[in-house]
Structure formats: C-alpha cells, structure tokens
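File shown here: data_4.cif, holding mmCIF, C-alpha atoms.
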data_structure
#
loop_
_atom_site.label_atom_id
_atom_site.label_comp_id
_atom_site.auth_asym_id
_atom_site.auth_seq_id
_atom_site.Cartn_x
_atom_site.Cartn_y
_atom_site.Cartn_z
CA MET A 1 1.50 -6.84 -3.22
CA ARG A 2 -1.22 -4.59 -4.61
CA ALA A 3 -3.35 -6.42 -7.16
CA ARG A 4 -4.82 -4.74 -10.25
CA ARG A 5 -7.85 -6.99 -10.40
CA VAL A 6 -10.04 -8.62 -7.80
CA VAL A 7 -8.24 -10.61 -5.12
CA ALA A 8 -10.21 -13.21 -3.23
CA VAL A 9 -9.68 -12.55 0.47
CA GLY A 10 -9.83 -15.82 2.33
CA ALA A 11 -11.52 -16.60 5.63
CA THR A 12 -8.22 -16.35 7.46
CA ALA A 13 -7.74 -12.77 6.33
CA VAL A 14 -11.26 -11.86 7.38
CA ALA A 15 -10.77 -13.45 10.79
CA ILE A 16 -7.61 -11.45 11.38
CA VAL A 17 -8.66 -8.03 10.16
CA GLY A 18 -12.29 -8.27 11.15
CA ILE A 19 -11.64 -7.66 14.85
CA ALA A 20 -11.78 -3.87 14.56
CA ALA A 21 -14.60 -1.88 16.07
CA CYS A 22 -17.48 -0.84 13.83
CA SER A 23 -17.33 2.52 12.10
CA SER A 24 -19.62 5.45 12.70
CA ASP A 25 -23.02 5.59 10.97
CA ASP A 26 -22.84 9.37 10.60
CA ASP A 27 -23.95 10.27 7.04
CA SER A 28 -22.78 13.88 7.10
CA SER A 29 -21.06 15.05 3.91
CA SER A 30 -18.40 17.15 5.62
CA SER A 31 -16.31 17.27 8.76
CA GLY A 32 -14.57 20.54 9.54
CA ASP A 33 -12.66 21.57 6.43
CA THR A 34 -12.71 18.05 5.00
CA LYS A 35 -15.64 16.76 2.97
CA THR A 36 -16.66 13.11 3.28
CA VAL A 37 -17.72 10.99 0.32
CA LYS A 38 -19.07 7.50 0.94
CA VAL A 39 -18.07 4.68 -1.41
CA GLU A 40 -20.22 1.57 -1.15
CA MET A 41 -18.66 -1.45 -2.84
CA THR A 42 -21.10 -3.74 -4.68
CA ASN A 43 -20.68 -6.49 -7.25
CA ASP A 44 -22.43 -4.25 -9.80
CA GLY A 45 -20.11 -1.30 -9.15
CA CYS A 46 -19.15 1.24 -6.52
CA LYS A 47 -21.86 3.66 -5.42
CA VAL A 48 -20.48 7.11 -4.64
CA THR A 49 -22.46 9.46 -2.38
CA PRO A 50 -22.46 12.30 -3.19
CA ASP A 51 -21.01 12.02 -6.69
CA LYS A 52 -20.40 15.79 -6.95
CA VAL A 53 -18.53 17.92 -4.39
CA ASP A 54 -16.67 21.20 -4.22
CA ALA A 55 -12.90 21.23 -4.56
CA GLY A 56 -10.75 20.82 -1.47
CA ALA A 57 -9.81 18.12 1.00
CA ILE A 58 -11.99 15.02 0.59
CA THR A 59 -12.08 11.83 2.64
CA PHE A 60 -13.42 8.79 0.81
CA GLU A 61 -15.01 6.44 3.35
CA ILE A 62 -15.17 2.94 1.87
CA SER A 63 -17.39 0.07 2.96
CA ASN A 64 -18.01 -3.43 1.66
CA THR A 65 -21.11 -5.16 2.99
CA ASP A 66 -21.34 -8.19 0.70
CA ALA A 67 -19.40 -7.53 -2.53
CA ALA A 68 -17.39 -10.74 -2.94
CA ALA A 69 -16.29 -9.84 -6.48
CA VAL A 70 -14.70 -6.52 -5.50
CA SER A 71 -11.87 -6.01 -3.02
CA GLU A 72 -10.17 -2.78 -4.10
CA VAL A 73 -11.08 0.89 -4.62
CA GLU A 74 -8.90 3.37 -6.53
CA LEU A 75 -9.26 7.08 -7.19
CA LEU A 76 -8.21 7.82 -10.77
CA LYS A 77 -7.54 10.99 -12.74
CA ASP A 78 -6.73 10.54 -16.44
CA GLY A 79 -5.84 6.91 -15.76
CA LYS A 80 -3.42 7.74 -12.94
CA ILE A 81 -3.92 6.29 -9.46
CA LEU A 82 -4.15 9.11 -6.90
CA ALA A 83 -5.08 6.96 -3.89
CA GLU A 84 -6.33 3.45 -3.19
CA ARG A 85 -7.31 0.86 -0.63
CA GLU A 86 -7.17 -2.86 -1.33
CA ASN A 87 -8.11 -6.25 0.18
CA ILE A 88 -11.38 -4.85 1.54
CA ALA A 89 -13.33 -8.02 2.31
CA PRO A 90 -17.10 -8.14 2.86
CA GLY A 91 -17.96 -7.25 6.46
CA MET A 92 -14.68 -5.48 7.20
CA THR A 93 -14.67 -2.23 9.11
CA ALA A 94 -15.00 0.82 6.87
CA THR A 95 -11.67 2.20 5.72
CA SER A 96 -10.73 5.46 4.03
CA PHE A 97 -8.22 7.58 2.18
CA SER A 98 -8.02 11.34 1.81
CA HIS A 99 -6.86 13.65 -0.96
CA LYS A 100 -6.98 17.34 -1.83
CA LEU A 101 -8.66 17.65 -5.24
CA ASP A 102 -9.07 20.47 -7.72
CA GLY A 103 -12.04 20.72 -10.07
CA GLY A 104 -12.47 18.13 -12.80
CA GLU A 105 -13.73 14.65 -13.52
CA TYR A 106 -12.31 11.74 -11.56
CA GLN A 107 -13.16 8.06 -11.50
CA ILE A 108 -13.72 5.62 -8.67
CA TYR A 109 -12.31 2.37 -10.02
CA CYS A 110 -13.44 -0.94 -8.50
CA PRO A 111 -11.72 -3.82 -10.33
CA GLY A 112 -13.93 -6.91 -10.64
CA ALA A 113 -17.29 -5.13 -10.54
CA THR A 114 -19.71 -5.39 -13.46
CA ASN A 115 -19.31 -1.63 -13.95
CA GLU A 116 -15.75 -1.02 -12.82
CA LYS A 117 -15.61 2.78 -13.11
CA THR A 118 -17.89 5.43 -11.61
CA THR A 119 -17.48 9.09 -12.54
CA PHE A 120 -16.94 11.50 -9.66
CA THR A 121 -17.07 15.27 -10.28
CA VAL A 122 -15.26 18.01 -8.36
CA SER A 123 -16.21 21.65 -8.90
CA GLY A 124 -14.13 24.79 -8.42
CA GLN A 125 -10.55 25.20 -7.33
CA ALA A 126 -9.04 24.01 -4.06
CA VAL A 127 -7.80 26.81 -1.82
CA GLN A 128 -4.04 26.68 -1.41
CA ALA A 129 -3.14 26.62 2.26
CA THR A 130 -0.57 29.11 3.52
CA GLY A 131 1.35 29.61 6.74
CA THR A 132 3.73 27.60 8.88
CA VAL A 133 1.87 24.27 8.75
CA ALA A 134 1.44 24.43 4.97
CA ASP A 135 5.14 25.18 4.61
CA GLN A 136 6.01 22.25 6.88
CA LEU A 137 3.84 19.92 4.82
CA ALA A 138 5.39 21.11 1.57
CA ALA A 139 8.83 20.41 3.02
CA ALA A 140 7.59 17.02 4.25
CA ALA A 141 6.44 16.10 0.74
CA ASN A 142 9.88 16.86 -0.64
CA GLU A 143 11.56 14.93 2.17
CA TYR A 144 9.36 11.89 1.56
CA LYS A 145 10.14 12.05 -2.16
CA GLN A 146 13.85 11.86 -1.31
CA TYR A 147 13.17 8.92 1.01
CA VAL A 148 11.39 7.07 -1.80
CA ILE A 149 14.25 7.77 -4.22
CA THR A 150 16.81 6.46 -1.71
CA GLN A 151 14.85 3.24 -1.15
CA VAL A 152 14.30 2.59 -4.85
CA ASN A 153 17.97 3.21 -5.61
CA GLY A 154 18.82 0.70 -2.86
CA LEU A 155 16.27 -1.73 -4.31
CA THR A 156 17.94 -1.49 -7.72
CA ASP A 157 21.36 -2.28 -6.28
CA ALA A 158 20.03 -5.17 -4.18
CA THR A 159 18.08 -6.62 -7.11
CA THR A 160 21.21 -6.48 -9.26
CA VAL A 161 22.98 -8.66 -6.68
CA LEU A 162 20.03 -11.07 -6.76
CA VAL A 163 20.11 -11.28 -10.55
CA ASP A 164 23.85 -11.97 -10.54
CA ALA A 165 23.34 -14.83 -8.08
CA VAL A 166 20.53 -16.27 -10.22
CA LYS A 167 22.68 -16.12 -13.35
CA ALA A 168 25.50 -17.87 -11.46
CA GLY A 169 23.10 -20.62 -10.35
CA ASP A 170 24.06 -20.02 -6.72
CA VAL A 171 20.95 -20.94 -4.70
CA ALA A 172 22.37 -19.98 -1.30
CA ALA A 173 23.54 -16.57 -2.55
CA ALA A 174 20.24 -15.98 -4.35
CA LYS A 175 18.24 -16.74 -1.19
CA ASP A 176 20.39 -14.33 0.79
CA ALA A 177 20.07 -11.63 -1.89
CA TYR A 178 16.30 -12.15 -2.10
CA ILE A 179 15.91 -11.60 1.66
CA LYS A 180 18.11 -8.48 1.55
CA ALA A 181 16.26 -6.94 -1.42
CA ARG A 182 12.74 -7.30 -0.03
CA PRO A 183 12.83 -4.54 2.66
CA TYR A 184 13.76 -1.82 0.15
CA TYR A 185 10.65 -2.62 -1.84
CA GLU A 186 8.28 -3.17 1.08
CA ARG A 187 9.08 0.24 2.63
CA ILE A 188 7.74 2.12 -0.40
CA GLU A 189 5.48 -0.43 -2.10
CA PRO A 190 2.45 1.88 -2.66
CA ILE A 191 4.58 4.08 -4.90
CA ALA A 192 5.09 1.23 -7.38
CA GLY A 193 1.34 0.68 -7.50
CA ALA A 194 0.87 4.23 -8.77
CA PHE A 195 2.87 3.62 -11.99
CA CYS A 196 2.01 1.46 -14.98
CA ALA A 197 4.47 -1.11 -16.27
CA ASN A 198 6.05 -0.85 -19.73
CA GLY A 199 5.25 2.84 -20.07
CA ALA A 200 1.46 2.35 -20.20
CA GLU A 201 -0.62 5.43 -19.37
CA ASP A 202 -3.67 3.75 -17.81
CA CYS A 203 -3.11 0.88 -15.37
CA SER A 204 -6.86 0.14 -15.30
CA ASP A 205 -6.75 -0.91 -18.95
CA ASN A 206 -7.18 -4.68 -19.24
CA ASN A 207 -3.95 -4.92 -21.23
CA ALA A 208 -1.86 -3.13 -18.59
CA VAL A 209 -0.63 -3.80 -15.07
CA ASN A 210 0.91 -1.50 -12.54
CA LEU A 211 4.54 -1.90 -11.54
CA ASP A 212 3.61 -3.42 -8.21
CA VAL A 213 1.87 -6.29 -10.01
CA ALA A 214 4.85 -6.69 -12.35
CA ILE A 215 7.39 -6.66 -9.51
CA ASP A 216 5.60 -8.27 -6.58
CA ALA A 217 2.54 -10.27 -7.69
CA ARG A 218 1.44 -13.48 -6.03
CA PRO A 219 -0.13 -16.01 -8.41
CA ASP A 220 -3.56 -15.74 -6.73
CA ALA A 221 -3.62 -11.96 -7.32
CA LEU A 222 -3.47 -12.07 -11.10
CA GLY A 223 -6.12 -11.71 -13.74
CA PRO A 224 -6.73 -14.53 -16.25
CA THR A 225 -4.55 -12.94 -18.94
CA ASP A 226 -1.74 -11.67 -16.67
CA LYS A 227 1.69 -13.28 -16.77
CA TRP A 228 3.21 -14.04 -13.36
CA THR A 229 6.49 -12.16 -13.01
CA GLY A 230 8.64 -10.72 -10.26
CA PHE A 231 10.08 -11.56 -6.88
CA HIS A 232 7.70 -14.34 -5.92
CA VAL A 233 8.39 -16.43 -9.01
CA LEU A 234 11.99 -16.55 -7.83
CA GLU A 235 10.89 -17.17 -4.24
CA LYS A 236 8.88 -20.24 -5.24
CA GLN A 237 11.71 -21.68 -7.32
CA LEU A 238 14.32 -21.07 -4.62
CA TRP A 239 12.43 -22.43 -1.61
CA GLU A 240 10.10 -24.98 -3.20
CA ALA A 241 12.18 -26.41 -6.05
CA GLY A 242 15.54 -25.62 -4.48
CA ASN A 243 17.14 -24.70 -7.80
CA LEU A 244 17.29 -21.85 -10.31
CA ASP A 245 16.36 -23.73 -13.47
CA GLY A 246 14.91 -21.35 -16.05
CA MET A 247 15.02 -18.34 -13.71
CA THR A 248 17.50 -16.09 -15.56
CA PRO A 249 14.80 -14.50 -17.80
CA VAL A 250 12.56 -14.00 -14.76
CA ALA A 251 15.36 -12.30 -12.83
CA GLU A 252 16.29 -10.10 -15.77
CA GLN A 253 12.66 -8.99 -16.25
CA LEU A 254 12.43 -8.20 -12.54
CA LEU A 255 15.50 -5.98 -12.79
CA THR A 256 14.05 -4.27 -15.88
CA ASN A 257 10.86 -3.45 -13.98
CA VAL A 258 12.78 -2.26 -10.93
CA LYS A 259 14.94 -0.02 -13.11
CA GLU A 260 11.79 1.40 -14.69
CA LEU A 261 10.54 2.29 -11.22
CA GLN A 262 13.92 3.83 -10.43
CA GLN A 263 13.79 5.97 -13.55
CA LEU A 264 10.25 7.15 -12.79
CA VAL A 265 10.90 8.25 -9.20
CA ASN A 266 14.11 10.00 -10.20
CA GLU A 267 12.31 12.09 -12.84
CA PRO A 268 11.93 15.79 -11.91
CA THR A 269 8.22 15.42 -12.65
CA PHE A 270 7.74 12.83 -9.89
CA GLU A 271 5.67 14.57 -7.24
CA VAL A 272 4.50 13.60 -3.77
CA LYS A 273 1.68 15.48 -2.07
CA PRO A 274 1.27 15.66 1.73
CA ALA A 275 -1.88 13.53 1.66
CA ASP A 276 -0.01 10.89 -0.36
CA ILE A 277 2.40 10.41 2.55
CA ILE A 278 -0.31 9.50 5.05
CA ASN A 279 -2.31 7.50 2.49
CA GLY A 280 0.86 5.53 1.75
CA ALA A 281 1.48 4.95 5.46
CA GLY A 282 -2.02 3.49 5.73
CA ASP A 283 -1.51 1.37 2.61
CA LEU A 284 1.62 -0.16 4.14
CA LEU A 285 -0.27 -1.10 7.29
CA ASP A 286 -3.02 -2.59 5.12
CA GLU A 287 -0.31 -4.77 3.61
CA VAL A 288 0.58 -6.05 7.07
CA SER A 289 -2.98 -6.81 8.13
CA THR A 290 -4.25 -8.33 4.87
CA SER A 291 -1.38 -10.29 3.32
CA LYS A 292 1.54 -10.48 5.74
CA LEU A 293 -0.41 -11.68 8.79
CA THR A 294 -2.11 -14.36 6.72
CA GLY A 295 1.22 -15.71 5.47
CA GLU A 296 0.16 -15.18 1.84
CA GLU A 297 3.00 -12.82 0.87
CA GLU A 298 5.99 -15.10 1.45
CA ALA A 299 4.19 -18.43 1.14
CA TYR A 300 7.34 -20.38 0.19
CA SER A 301 10.15 -18.73 2.18
CA HIS A 302 8.05 -17.76 5.27
CA ILE A 303 10.07 -14.55 5.69
CA ASP A 304 6.85 -12.57 6.20
CA PHE A 305 8.28 -10.82 9.27
CA VAL A 306 11.04 -9.34 7.10
CA ASP A 307 8.41 -7.80 4.82
CA MET A 308 6.16 -6.88 7.72
CA TYR A 309 8.89 -5.05 9.55
CA ALA A 310 9.75 -3.12 6.37
CA ASN A 311 6.08 -2.19 5.85
CA ILE A 312 5.90 -0.89 9.41
CA GLU A 313 9.23 0.87 9.10
CA GLY A 314 8.08 2.60 5.91
CA SER A 315 4.81 3.62 7.54
CA GLN A 316 6.63 4.95 10.60
CA GLN A 317 9.01 6.93 8.40
CA ALA A 318 6.08 8.51 6.55
CA PHE A 319 4.48 9.47 9.85
CA ALA A 320 7.75 10.82 11.23
CA ILE A 321 8.13 13.09 8.20
CA VAL A 322 4.69 14.70 8.64
CA LYS A 323 4.75 14.54 12.45
CA PRO A 324 5.98 18.14 13.07
CA ALA A 325 3.13 19.56 10.96
CA LEU A 326 0.53 17.16 12.35
CA ASN A 327 1.60 18.08 15.86
CA GLN A 328 0.67 21.67 15.03
CA ILE A 329 -2.70 20.57 13.66
CA ASP A 330 -3.71 18.04 16.32
CA PRO A 331 -1.14 17.25 19.03
CA GLN A 332 -3.39 14.71 20.78
CA LEU A 333 -3.90 12.73 17.57
CA THR A 334 -0.15 12.84 16.96
CA THR A 335 0.50 11.40 20.41
CA THR A 336 -2.12 8.67 19.88
CA ILE A 337 -0.50 7.58 16.61
CA GLN A 338 3.01 7.61 18.11
CA GLN A 339 1.93 5.49 21.08
CA ALA A 340 0.20 3.03 18.77
CA PHE A 341 3.32 2.75 16.62
CA ASP A 342 5.41 2.15 19.75
CA LYS A 343 3.18 -0.81 20.62
CA VAL A 344 3.50 -2.27 17.12
CA THR A 345 7.30 -1.94 17.26
CA GLU A 346 7.40 -3.66 20.66
CA LEU A 347 5.33 -6.56 19.34
CA ILE A 348 7.27 -7.16 16.13
CA ASP A 349 10.57 -6.92 18.01
CA SER A 350 9.37 -9.87 20.10
CA PHE A 351 9.60 -12.04 16.97
CA ARG A 352 13.26 -11.32 16.33
CA ASP A 353 15.61 -14.30 16.04
CA PRO A 354 19.29 -13.72 15.17
CA ASN A 355 19.43 -17.20 13.67
CA GLY A 356 16.28 -16.79 11.59
CA PRO A 357 16.04 -15.64 7.96
CA GLY A 358 16.47 -11.88 7.90
CA GLY A 359 16.76 -11.82 11.70
CA PHE A 360 13.20 -12.96 12.46
CA LYS A 361 11.36 -16.16 13.27
CA SER A 362 9.98 -18.11 10.37
CA PHE A 363 6.35 -17.06 10.01
CA ASP A 364 5.07 -20.65 10.10
CA GLN A 365 6.11 -20.72 13.79
CA VAL A 366 3.62 -17.97 14.77
CA SER A 367 0.45 -18.89 16.64
CA PRO A 368 -3.06 -17.63 15.72
CA GLU A 369 -3.18 -15.75 19.06
CA GLN A 370 0.04 -13.90 18.22
CA LYS A 371 -1.34 -12.98 14.80
CA ARG A 372 -4.53 -11.61 16.35
CA GLU A 373 -2.54 -9.53 18.84
CA MET A 374 -0.46 -8.08 16.03
CA ALA A 375 -3.57 -7.38 13.95
CA ALA A 376 -5.17 -5.50 16.82
CA ALA A 377 -2.04 -3.38 17.26
CA ILE A 378 -1.96 -2.55 13.55
CA ILE A 379 -5.61 -1.51 13.55
CA ALA A 380 -4.92 0.74 16.54
CA VAL A 381 -2.50 2.67 14.29
CA LYS A 382 -4.57 2.58 11.10
CA ASP A 383 -7.66 4.21 12.59
CA PRO A 384 -6.00 7.42 13.84
CA LEU A 385 -3.82 7.54 10.71
CA SER A 386 -7.02 7.70 8.65
CA GLN A 387 -8.13 10.69 10.73
CA ALA A 388 -4.75 12.33 10.17
CA GLY A 389 -5.12 11.94 6.40
CA GLY A 390 -8.13 14.24 6.25
CA LYS A 391 -6.51 16.84 8.52
CA ILE A 392 -3.31 16.90 6.49
CA ALA A 393 -5.19 17.14 3.18
CA ALA A 394 -7.13 20.12 4.52
CA ALA A 395 -4.00 21.87 5.82
CA SER A 396 -1.86 21.41 2.68
#

Can the structure from this file be put into structure tokens for me?
Amino acid sequence: MRARRVVAVGATAVAIVGIAACSSDDDSSSSGDTKTVKVEMTNDGCKVTPDKVDAGAITFEISNTDAAAVSEVELLKDGKILAERENIAPGMTATSFSHKLDGGEYQIYCPGATNEKTTFTVSGQAVQATGTVADQLAAAANEYKQYVITQVNGLTDATTVLVDAVKAGDVAAAKDAYIKARPYYERIEPIAGAFCANGAEDCSDNNAVNLDVAIDARPDALGPTDKWTGFHVLEKQLWEAGNLDGMTPVAEQLLTNVKELQQLVNEPTFEVKPADIINGAGDLLDEVSTSKLTGEEEAYSHIDFVDMYANIEGSQQAFAIVKPALNQIDPQLTTTIQQAFDKVTELIDSFRDPNGPGGFKSFDQVSPEQKREMAAAIIAVKDPLSQAGGKIAAAS
C-alpha cells in the first residue's frame, strides 16, 4: 500500500531493508545523457540540488539521514504523480527514480514535512529519441499499458466475486475470494497510486487521497482525517472477527473504487512512458522490502507471500517488457538484473505450500533469517533496476 501521508517505518522495517551497501558520495550533476538531482529529505522539507536543470532524462537520487517525519518523495506536475518512492526510513541506503522531463515547473512533494512541496524547474525541451531502441521502448510502453488494463479488468471481476460473498455473509467464500483478488492488484499497484480517488485532480490536497489509499490502505498509513476503506478492512473483519457484520458497505465502496481505476486505465488518454515501467518495477520491489517482509501488509490473514509473489511477478513482467530494448542499451546490466530476478524467484518458490493460503506458507511461520535473505535478494535486483531507469529514460 502506498500512503499519501507520512508512514512511520518501524525498527523491524529498518533492520530488514537497512542491510544494503552504502551509496556513492559522487556529487556530479550528470551521468552520461542522464542528469542527476539530489533530494535530501528533512523534517522541514525536501532540499533539491540543483533545483533547476535542462530538459531530458533526470535521475532523482533520494536520501534520508534523520527525517523521521517524512518517508515518501513524489514528483508532481499539475498535481499529478509522475514518479515516487515511499517508506524511505532514516539511515536507509539512497534510492532513486528516473523520468524524462520537458520544460516547466514541477514539484517535489514530501508528505509530513513542515514545507511539503518544493518547486523544481526544468528548462527547454527534451530531445525525442529516434531509432531502433526508441521504437522498442515505445512499443514496450504500449505493451505495458495493455498488461495493466488486463490486470485491472481481472481485479474488477475478482472483486465482484468478493463483494457477492460478503453480501451473502459467506465467510469461507469471502476469504477465498479475497486471496484470489489480491494478486491482480499487487501486480500493478503503483498505477493506482498515480490516480486520485473520487475524480479529484490533486492527490496531494489534504482533502483527497489517491486510489491506492482508498483501495489498499492499512490503518497505520492514514492521515488523521482519512477514513479507512478497502481490502484490509475486510481482511481484519474476516480473519480477526470471523464474520462479515457491517461489511456490505465497505465491500461496495471497494468495488466502486476498483471500477474507477478500471475506467481510468481503459481511457484512451491513459499513457505509460518507458521510464514509468522501470520506476513501477522498482516501486513493486519497494513494496516487498518495506511492507511485505515486515508482515505489515496482511497483518490479519498472514498471506503476505501471496502479495509478495504478485509484486515480484509484476516487477518481472515490467522488466521483461523493456528487456529487448535494455539489452541493446546495456547487455551486461540486463544480464545482472535477470540473474538477480532468478535468485528472487528461487527464494520465494521455497516458501510454497500447496496446503497454505494461496499456495504459500503463512507468513507468521517465516524466520528472521529467511526474511533477511529475501531482503538481500530484493535489494540485489533494486539497485541495477535503478541504473536501468536512467538509461531507459535517456533512450526514450
């Protein structure tokens, strides 16, 4: 789940994700055809260096030394989320996202800071890449869009089954439907975070939430005025209370929000850019390392491996779609990412259990050592994926 406001990242999360190697101290403002902008998270606001760059491919390198009040960075244009990273705890290894930007004013949004928005200016017009690689990336963007549409259509159908079970008061059927619906959402979760709920134009407005919050929020990820809605309200009632008392309105609202997402991604105006694909792949792996491996996501049902596998599957699919183009850009990096994904797949397959919920062990049976091994494998994918983001943004 991608929170709109600050999310307190507990010591467990820090212990799991904090095992990565330290990032480079190089302060250069560009690398090849990709410019680098440093974003330093502080409780007062996010410091952006430099705050003016020329148009083109830009990698935003994000660090959090001691900002306990801020855990998320978003790149906004006219209130729309272009890219983001969340659950960035103090002391974590620097992370990044990349995007190709034309001239104009953008905002770096850091929910929870005293000054939440920092203006970032881009000058000129980005050069449109041409040639075989650019054509491959354009085709990849269209292919990924179709993948998203397929998953959201499947999510809508699966959520309808869940709502029917809730209305019938059938706890066993509702649990089964809940488990079957989750993977559709978890494969494409970052897409939902890019849209505002209820037709709002600016998700950073205090009166608005994005669709990910509306569909998938955990209670600890909400602001003081936010209403808790979505999948996890049903999860708590099903696995903790063991009944469906009062859940019909919750289920109906969930379906309404899912159908809103379905309508948005099926609009002809819905667009995916090549950099979005890799940024989304990284976001999905962030989900694994920051909320799935801590057990926070499915705190009542303990089906975290179901979600985790879907996150990884969605990330792998995104990589597979851009892989032919990336192989033209940097074959060694492509091989490194593929090998790292193979290791992650091998590890998560070791937790399969045909008798478990969704075909996996219950997450409360996993040892701290197994969690650390999985975290290390995820980080081994995330780091080269971040490098690929800048290369793809520059080549598109």

Coordinates-based distance that separates CA of Tyr185 (chain A) from CA of Ala377 (chain A) (Å, one decimal): 22.9 Å

Region 120-136 of chain A surroundings by only C-alpha atoms, 9 Å radius, close-in-sequence under 5 positions cut, as a PyMOL selection string: chain A and resi 48+50-57+100-108+141+322+324-326+328-329+394-396

Residues within 10 Å of region 111-113 of chain A, all atoms listed in the file, excluding chain neighbours under 2 positions, as a list in words: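 So the residues in contact are Ala3, Arg4, Arg5, Val6, Val7, Met41, Thr42, Asn43, Asp44, Gly45, Cys46, Ala67, Ala68, Ala69, Val70, Ser71, Glu72, Val73, Glu74, Ile108, Tyr109, Asn115, Glu116, Lys117, Ser204 and Gly223 of chain A.
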
Explicit residues for the PyMOL selection byres ((chain A and resi 388) around 9) (as a list in words): Ile278, Leu326, Asp330, Leu333, Thr334, Asp383, Pro384, Leu385, Ser386, Gln387, Gly389, Gly390, Lys391, Ile392 and Ala393 of chain A

So that each row is one residue of region 244-268 of chain A with an atom at most 9 Å from region 152-172 of chain A, can you give its shortest atom pair and the distance in Å to one decimal, using all atoms listed in the file, rows by chain and rising number, as CSV?
residue,atom,partner,partner_atom,distance
A:Leu244,CA,A:Gly169,CA,5.9
A:Asp245,CA,A:Gly169,CA,8.1
A:Met247,CA,A:Val166,CA,6.8
A:Thr248,CA,A:Lys167,CA,5.6
A:Ala251,CA,A:Val163,CA,5.4
A:Glu252,CA,A:Val163,CA,6.6
A:Leu254,CA,A:Thr159,CA,8.0
A:Leu255,CA,A:Thr159,CA,6.3
A:Val258,CA,A:Thr156,CA,6.1
A:Lys259,CA,A:Thr156,CA,6.3
A:Leu261,CA,A:Val152,CA,7.4
A:Gln262,CA,A:Val152,CA,5.7
A:Val265,CA,A:Val152,CA,7.9

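CA of Thr34 (chain A) lies 5.4 Å from CA of Ile58 (chain A).
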
In the coordinates of the file, take the point (0.3, -10.5, 2.1) and a cut-off of 10 Å; then, counting all atoms listed in the file, name each qualifying protein, DNA or RNA residue as a compact mmCIF listing (two decimals) with C-alpha atoms, in the coordinates of the input.
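So selection.txt came out as:
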# COMPACT_ATOMS: atom_id res chain seq x y z
CA MET A 1 1.50 -6.84 -3.22
CA ARG A 2 -1.22 -4.59 -4.61
CA ALA A 13 -7.74 -12.77 6.33
CA ASN A 87 -8.11 -6.25 0.18
CA ARG A 218 1.44 -13.48 -6.03
CA ASP A 286 -3.02 -2.59 5.12
CA GLU A 287 -0.31 -4.77 3.61
CA VAL A 288 0.58 -6.05 7.07
CA SER A 289 -2.98 -6.81 8.13
CA THR A 290 -4.25 -8.33 4.87
CA SER A 291 -1.38 -10.29 3.32
CA LYS A 292 1.54 -10.48 5.74
CA LEU A 293 -0.41 -11.68 8.79
CA THR A 294 -2.11 -14.36 6.72
CA GLY A 295 1.22 -15.71 5.47
CA GLU A 296 0.16 -15.18 1.84
CA GLU A 297 3.00 -12.82 0.87
CA GLU A 298 5.99 -15.10 1.45
CA ALA A 299 4.19 -18.43 1.14
CA ASP A 304 6.85 -12.57 6.20
CA ASP A 307 8.41 -7.80 4.82
CA MET A 308 6.16 -6.88 7.72

Ala281 (chain A) environment, 7 Å, all atoms listed in the file, sequence neighbours closer than 5 positions dropped, as JSON, numbers by chain: {"A": [315, 318, 319]}

Near-region 226-231 of chain A list (7 Å; only C-alpha atoms; drop same-chain fewer than 5 positions) as a PyMOL selection string: chain A and resi 214-217+219+250+254

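Nearest residue to Ala200 (chain A) among A:Lys80, A:Thr269, A:Arg187, A:Thr114 is A:Lys80, counting all atoms listed in the file.
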
Close residues, Gln365 (chain A) itself excluded, 12 Å, only C-alpha atoms, min 4 positions apart in chain, as JSON, numbers by chain: {"A": [295, 302, 303, 304, 305, 351, 353, 356, 360, 361, 369, 370, 371]}

To test the calculation: enclose all listed atoms of region 286-293 of chain A in a box whose edges run along x, y and z, add 5 Å on each side, then state centre and edge lengths in Å to one decimal, as JSON.
{"center_x": -1.4, "center_y": -7.1, "center_z": 6.1, "size_x": 15.8, "size_y": 19.1, "size_z": 15.5}

Atomic distance CA of Pro190 (chain A) - CA of Lys145 (chain A), expressed in Å with one decimal: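 Interatomic distance here is 12.8 Å.
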
The PyMOL selection byres ((chain A and resi 240) around 12) applied to the shown file, residues as an NGL selection string: :A and (171 or 175 or 232-239 or 241-244 or 298-302)

Nearby residues, (10.8, 7.6, -11.7) file frame, 12 Å, all atoms listed in the file, as an NGL selection string: :A and (145-146 or 148-150 or 152-153 or 191-192 or 194-197 or 199 or 211 or 257-272)

Using only C-alpha atoms: which of A:Asn311, A:Gln316, A:Asn64, A:Asn210 has the shortest distance to Tyr144 (chain A): A:Gln316
